[in-house]
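**Q** Here's a structure for you.
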Amino acid sequence: MLALRFAAVFAAWCPVAAAQTIPINEDEASVPPYTLPDPLIFRSGRPVTNASSWSWRRTELLEQFGDHVYGRTPSGLPRRAATVVSIDRQALGGLATRKIVRVPLTRKDSGPYIDLLVYLPNGARRQVPVFLGYNFDGNHTVTTDPKVPLPRGWVANRPKSGVTDHRATEAARGSAAESWPITRILERGYGLATLYYGDVEPDYDGGWHVGLRGAVARGGTNHVFAPNEWGAIGAWAWGLSRALDYLVTDPGVDGRRVAVIGHSRLGKTALWAGAQDERFALVIANESGEGGAALARRWFGETVWRINTSFPHWFCGRFKDYNNNVSELPVDQHELVALNAPRPVYVASAEEDRWADPRGEFLSLKHADPVYALFGLPGVGVADMPGINEPVGGTLRYHVRSGKHDLTAYDWEQYLDFCDRHLKFPTQ
Ligand code: GTR
């Protein structure tokens, strides 16, 4: 019934092209009602009653997200040891030890591989908790440190990066430093490990030919993807787990306290990585929007149709089946958040980032609350969205910051405080 009303609203908006396009709505009063799937009901209709039956439901949901949204991550991919390429024990004026670590992703040394950039605070008395997150334009953009090499492959020509032909340039060195307050992170007692997502797979439709998915596909670069084979987000998420494989072996890192963080498309990736790999102790999704924390069924900002049209390579083929009937999706994004239970999750929005649907991001957390309650944990715990710059919640935490789509110092301060509460041991 609700599904019919939903479709009817779309048809009224766009009678001719209703089957092909879904108009963008950014008016709260026009959001039609919708019904979310219940994370605590098995497909069979049986209810989940406790944390131990949740683990079965968790498996079912993971399979559904694999089959219908991100594609399944192939099993049996090689996992090879990483190599520390360089160490500088006096980086950033002596504040940190900087390592560059090569993480192979396939059997071939020629690639694809990740060059992981790791900064650990000097003088720590014990192994430190670490933030692990992808950067958008190369490791050299997060710092002005001249020793950090440029990525070798494709980079996007984003306005700030000064790139015009998809090759990384020196001009972009430090261009993303404001989003990566490395000194502050180190001073607060954390390490930072960052990696360039294009090392795993370039971010364009067809990028898989020169990326991880093409390198491991049975059909090589002629491979024809099945509807539930992984998309680029799946490949990037897998890369985060391989970076974690290294971090758990680093003598300076406490591998039980690695938080995975991502902004925007890389926030979607962080959530999917955390859902699949329970070694991530905590997950942070900064303005992850559609296909991330925002509810798919809520018609506000970016839609399933729009994201599948703009970025067909991000998700699996079957996700496109829901372009015009999102209510048929067997899952919604509150269940992606819930897949991280009982681990802490921070979801953040920005007031002007209406495209990402701040309210839809908040509601995902709220509707994941019942799963956290199974573990006796406080979820986000409030009835409605908080005001601007007023973080709320417990094990599930949320803020909507003033300003635009970005990862800012304000966001990092909240994440550092959240990690202090959830990742630091009392003796530290
Ligand atoms: C937008 C896309 C969003 C978000 C963003 C980003 O164009 O529509 O879903 O992922 O890109 O990653 O920067």
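Ligands are numbered from 1 in the order shown, chains are lettered A, B, ... in the order of the structure tokens, and residues start at 1 in each chain.
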Counting only C-alpha atoms and all ligand atoms, which residues of chain A fall within 9 Å of ligand 1, and what is the closest atom pair for each with its distance in Å at one decimal, ordered by chain and rising number, as a tab-separated table?

**A**
residue	atom	partner	partner_atom_place_in_ligand_line	distance
A:Phe136	CA	ligand 1	13 (O)	8.8
A:His263	CA	ligand 1	12 (O)	7.0
A:Ser264	CA	ligand 1	12 (O)	4.0
A:Arg265	CA	ligand 1	12 (O)	3.6
A:Leu266	CA	ligand 1	12 (O)	6.4
A:Gly267	CA	ligand 1	12 (O)	7.9
A:Lys268	CA	ligand 1	10 (O)	7.5
A:Glu287	CA	ligand 1	4 (C)	8.0
A:Ser288	CA	ligand 1	10 (O)	6.3
A:Gly289	CA	ligand 1	9 (O)	5.8
A:Glu290	CA	ligand 1	9 (O)	5.4
A:Gly291	CA	ligand 1	9 (O)	7.0
A:Gly292	CA	ligand 1	9 (O)	8.1
A:Glu302	CA	ligand 1	8 (O)	6.4
A:Thr303	CA	ligand 1	8 (O)	8.8
A:Arg306	CA	ligand 1	8 (O)	7.7
A:Ile307	CA	ligand 1	8 (O)	5.9
A:Ser310	CA	ligand 1	8 (O)	7.3
A:Phe311	CA	ligand 1	8 (O)	7.9
A:Trp355	CA	ligand 1	8 (O)	7.3
A:Ala356	CA	ligand 1	3 (C)	6.8
A:His405	CA	ligand 1	13 (O)	8.2
A:Asp406	CA	ligand 1	13 (O)	8.7

**Q** Residues at most 9 Å from Glu413 in chain A, counting only C-alpha atoms, excluding those fewer than 5 positions away in the same chain, as a list in words?

**A**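 Here the qualifying residues turn out to be Arg184, Thr408 and Phe418 of chain A.
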
**Q** Env of Arg397 in chain A: 10 Å cut, atoms = only C-alpha atoms, seq-sep filter 6 positions within chain, self excluded. Answer as a PyMOL selection string.

**A** chain A and resi 284+344-348+362+365-366+378-381+391+414-415+418

**Q** Can you list every residue in range 62-191 of chain A that DSSP puts in alpha helix (DSSP H), as a PyMOL selection string?

**A** chain A and resi 62-65+182-187

**Q** For the residues in that selection, give me N, CA, C and O atoms as a compact mmCIF listing (two decimals), in the first residue's frame.

**A**
# COMPACT_ATOMS: atom_id res chain seq x y z
N LEU A 62 24.01 -9.63 5.98
CA LEU A 62 25.26 -9.45 5.21
C LEU A 62 25.10 -10.01 3.81
O LEU A 62 25.51 -9.40 2.82
N GLU A 63 24.48 -11.19 3.74
CA GLU A 63 24.27 -11.81 2.42
C GLU A 63 23.34 -10.94 1.57
O GLU A 63 23.55 -10.78 0.37
N GLN A 64 22.32 -10.39 2.20
CA GLN A 64 21.39 -9.56 1.43
C GLN A 64 22.05 -8.28 0.93
O GLN A 64 21.84 -7.88 -0.22
N PHE A 65 22.85 -7.64 1.79
CA PHE A 65 23.57 -6.45 1.31
C PHE A 65 24.52 -6.84 0.18
O PHE A 65 24.72 -6.08 -0.77
N ILE A 182 46.61 15.86 11.21
CA ILE A 182 47.50 14.77 11.67
C ILE A 182 48.11 15.11 13.03
O ILE A 182 48.12 14.28 13.95
N THR A 183 48.61 16.33 13.17
CA THR A 183 49.27 16.72 14.43
C THR A 183 48.29 16.59 15.59
O THR A 183 48.62 16.05 16.65
N ARG A 184 47.09 17.07 15.38
CA ARG A 184 46.08 17.00 16.44
C ARG A 184 45.77 15.54 16.83
O ARG A 184 45.67 15.18 17.99
N ILE A 185 45.66 14.69 15.82
CA ILE A 185 45.37 13.27 16.05
C ILE A 185 46.50 12.64 16.87
O ILE A 185 46.25 11.93 17.85
N LEU A 186 47.73 12.97 16.49
CA LEU A 186 48.90 12.40 17.20
C LEU A 186 48.96 12.93 18.63
O LEU A 186 49.21 12.17 19.57
N GLU A 187 48.72 14.23 18.78
CA GLU A 187 48.77 14.82 20.13
C GLU A 187 47.71 14.22 21.05
O GLU A 187 47.89 14.16 22.26

**Q** Name all residues at most 9 Å from Trp314 in chain A (count only C-alpha atoms; drop same-chain ones fewer than 3 positions away) and give them as a PDB file with N, CA and C atoms, in the first residue's frame.

**A**
ATOM      1  N   TYR A  70      25.883  -4.008  -2.491  1.00  0.00           N
ATOM      2  CA  TYR A  70      27.321  -3.802  -2.772  1.00  0.00           C
ATOM      3  C   TYR A  70      27.940  -4.923  -3.596  1.00  0.00           C
ATOM      4  N   ASP A 203      38.340   5.379  -9.714  1.00  0.00           N
ATOM      5  CA  ASP A 203      36.925   5.632  -9.479  1.00  0.00           C
ATOM      6  C   ASP A 203      36.221   6.159 -10.730  1.00  0.00           C
ATOM      7  N   TYR A 204      36.072   5.315 -11.728  1.00  0.00           N
ATOM      8  CA  TYR A 204      35.217   5.656 -12.863  1.00  0.00           C
ATOM      9  C   TYR A 204      34.647   4.364 -13.414  1.00  0.00           C
ATOM     10  N   ASP A 205      33.560   4.491 -14.162  1.00  0.00           N
ATOM     11  CA  ASP A 205      32.922   3.294 -14.710  1.00  0.00           C
ATOM     12  C   ASP A 205      33.906   2.667 -15.703  1.00  0.00           C
ATOM     13  N   TRP A 230      30.816  -8.068  -6.703  1.00  0.00           N
ATOM     14  CA  TRP A 230      31.134  -6.797  -6.029  1.00  0.00           C
ATOM     15  C   TRP A 230      31.322  -5.631  -6.988  1.00  0.00           C
ATOM     16  N   GLY A 231      30.963  -4.446  -6.479  1.00  0.00           N
ATOM     17  CA  GLY A 231      31.235  -3.203  -7.180  1.00  0.00           C
ATOM     18  C   GLY A 231      32.479  -2.557  -6.584  1.00  0.00           C
ATOM     19  N   ALA A 232      32.736  -1.311  -7.000  1.00  0.00           N
ATOM     20  CA  ALA A 232      33.962  -0.632  -6.550  1.00  0.00           C
ATOM     21  C   ALA A 232      33.967  -0.434  -5.029  1.00  0.00           C
ATOM     22  N   ILE A 233      32.807  -0.115  -4.443  1.00  0.00           N
ATOM     23  CA  ILE A 233      32.778   0.078  -2.979  1.00  0.00           C
ATOM     24  C   ILE A 233      33.205  -1.214  -2.287  1.00  0.00           C
ATOM     25  N   GLY A 234      32.767  -2.347  -2.833  1.00  0.00           N
ATOM     26  CA  GLY A 234      33.183  -3.633  -2.268  1.00  0.00           C
ATOM     27  C   GLY A 234      34.690  -3.822  -2.354  1.00  0.00           C
ATOM     28  N   ARG A 265      31.666   9.081  -0.376  1.00  0.00           N
ATOM     29  CA  ARG A 265      31.682   7.723  -0.945  1.00  0.00           C
ATOM     30  C   ARG A 265      32.600   6.819  -0.119  1.00  0.00           C
ATOM     31  N   ILE A 307      22.093   7.663  -7.964  1.00  0.00           N
ATOM     32  CA  ILE A 307      23.455   7.211  -7.660  1.00  0.00           C
ATOM     33  C   ILE A 307      23.875   6.096  -8.623  1.00  0.00           C
ATOM     34  N   ASN A 308      22.913   5.250  -8.990  1.00  0.00           N
ATOM     35  CA  ASN A 308      23.226   4.171  -9.934  1.00  0.00           C
ATOM     36  C   ASN A 308      23.473   4.700 -11.337  1.00  0.00           C
ATOM     37  N   PHE A 311      26.996   6.847 -10.852  1.00  0.00           N
ATOM     38  CA  PHE A 311      28.142   6.026 -10.438  1.00  0.00           C
ATOM     39  C   PHE A 311      27.796   4.541 -10.576  1.00  0.00           C
TER      40      PHE A 311
END

**Q** Using only C-alpha atoms, which residues sit within 12 Å of Thr73 in chain A once same-chain residues fewer than 5 positions away are excluded, as a PyMOL selection string?

**A** chain A and resi 62-63+65-67+212-213+216-217+228-239+241+272-273+276-277+315-316

**Q** Run DSSP on the backbone and grab whatever in range 148-338 of chain A lands in strand (DSSP E or B); send it over as a CSV table (one decimal) with C-alpha atoms, in the first residue's frame.

**A**
chain,number,residue,atom,x,y,z
A,154,TRP,CA,44.8,7.6,-12.0
A,167,ARG,CA,48.2,12.1,-13.1
A,191,GLY,CA,48.0,7.1,15.1
A,192,LEU,CA,46.7,7.7,11.6
A,193,ALA,CA,46.9,5.3,8.7
A,194,THR,CA,45.7,6.6,5.4
A,195,LEU,CA,45.6,5.2,1.9
A,196,TYR,CA,44.6,6.3,-1.5
A,229,GLU,CA,29.4,-9.6,-7.8
A,253,VAL,CA,49.6,-0.3,16.9
A,254,ASP,CA,46.9,-1.8,19.1
A,255,GLY,CA,45.2,-3.9,16.4
A,256,ARG,CA,42.1,-4.3,18.7
A,257,ARG,CA,41.6,-0.5,18.6
A,258,VAL,CA,41.5,0.5,14.9
A,259,ALA,CA,38.7,2.9,13.9
A,260,VAL,CA,37.8,2.9,10.3
A,261,ILE,CA,36.8,6.4,9.0
A,262,GLY,CA,35.6,7.7,5.6
A,263,HIS,CA,34.0,10.7,4.1
A,282,LEU,CA,34.7,1.4,15.7
A,283,VAL,CA,33.2,2.9,12.5
A,284,ILE,CA,32.9,6.6,11.5
A,285,ALA,CA,30.8,7.6,8.4
A,286,ASN,CA,31.2,11.3,7.7
A,301,GLY,CA,18.4,14.3,-1.7

**Q** Quick one: residues within 12 Å of Arg354 in chain A, only C-alpha atoms counted, chain neighbours fewer than 3 positions away excluded, as number ranges by chain?

**A** A: 24-28, 287-290, 294, 299-303, 349-351, 357-361, 400, 402-405

**Q** For a quick check of understanding, using only C-alpha atoms, which of A:Arg242, A:Ala124, A:His313, A:Pro146 has the smallest distance to Leu95 in chain A?

**A**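 Under the stated criterion, the closest residue is A:Ala124.
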
**Q** Neighbouring residues of range 100-102 of chain A were defined as those with any atom within 8 Å, considering only C-alpha atoms; residues of the same chain fewer than 3 positions away were excluded. Please report them as a count of residues only.

**A** 12

**Q** Between A:Asp165, A:Asp245, A:Glu335, A:Asp411, single out the one closest to Tyr372 in chain A, counting only C-alpha atoms.

**A** A:Glu335

**Q** Kindly indicate which residue among A:Asp137, A:Ser30, A:Trp412, A:Tyr190 lies nearest to Ala172 in chain A, using only C-alpha atoms for the distances.

**A**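 Using only C-alpha atoms, the shortest distance to Ala172 in chain A belongs to A:Asp137.
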
**Q** CA of Pro104 in chain A and CA of Leu240 in chain A are how many Å apart?

**A**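 Straight-line distance from CA of Pro104 in chain A to CA of Leu240 in chain A works out to 12.1 Å.
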
**Q** Quick one: distance from CA of Arg298 in chain A to CA of Leu374 in chain A in Å, one decimal?

**A** 25.6 Å

**Q** Calculated over only C-alpha atoms, which of the candidates A:Leu416, A:Ile388, A:Leu77, A:Val48 has the smallest distance to Arg218 in chain A?

**A**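 Of the candidates, the smallest distance to Arg218 in chain A is held by A:Leu77.
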
**Q** Please indicate the distance in Å from CA of Ala338 in chain A to CA of Glu390 in chain A, rounded to one decimal place.

**A**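 Separation of CA of Ala338 in chain A and CA of Glu390 in chain A: 22.8 Å.
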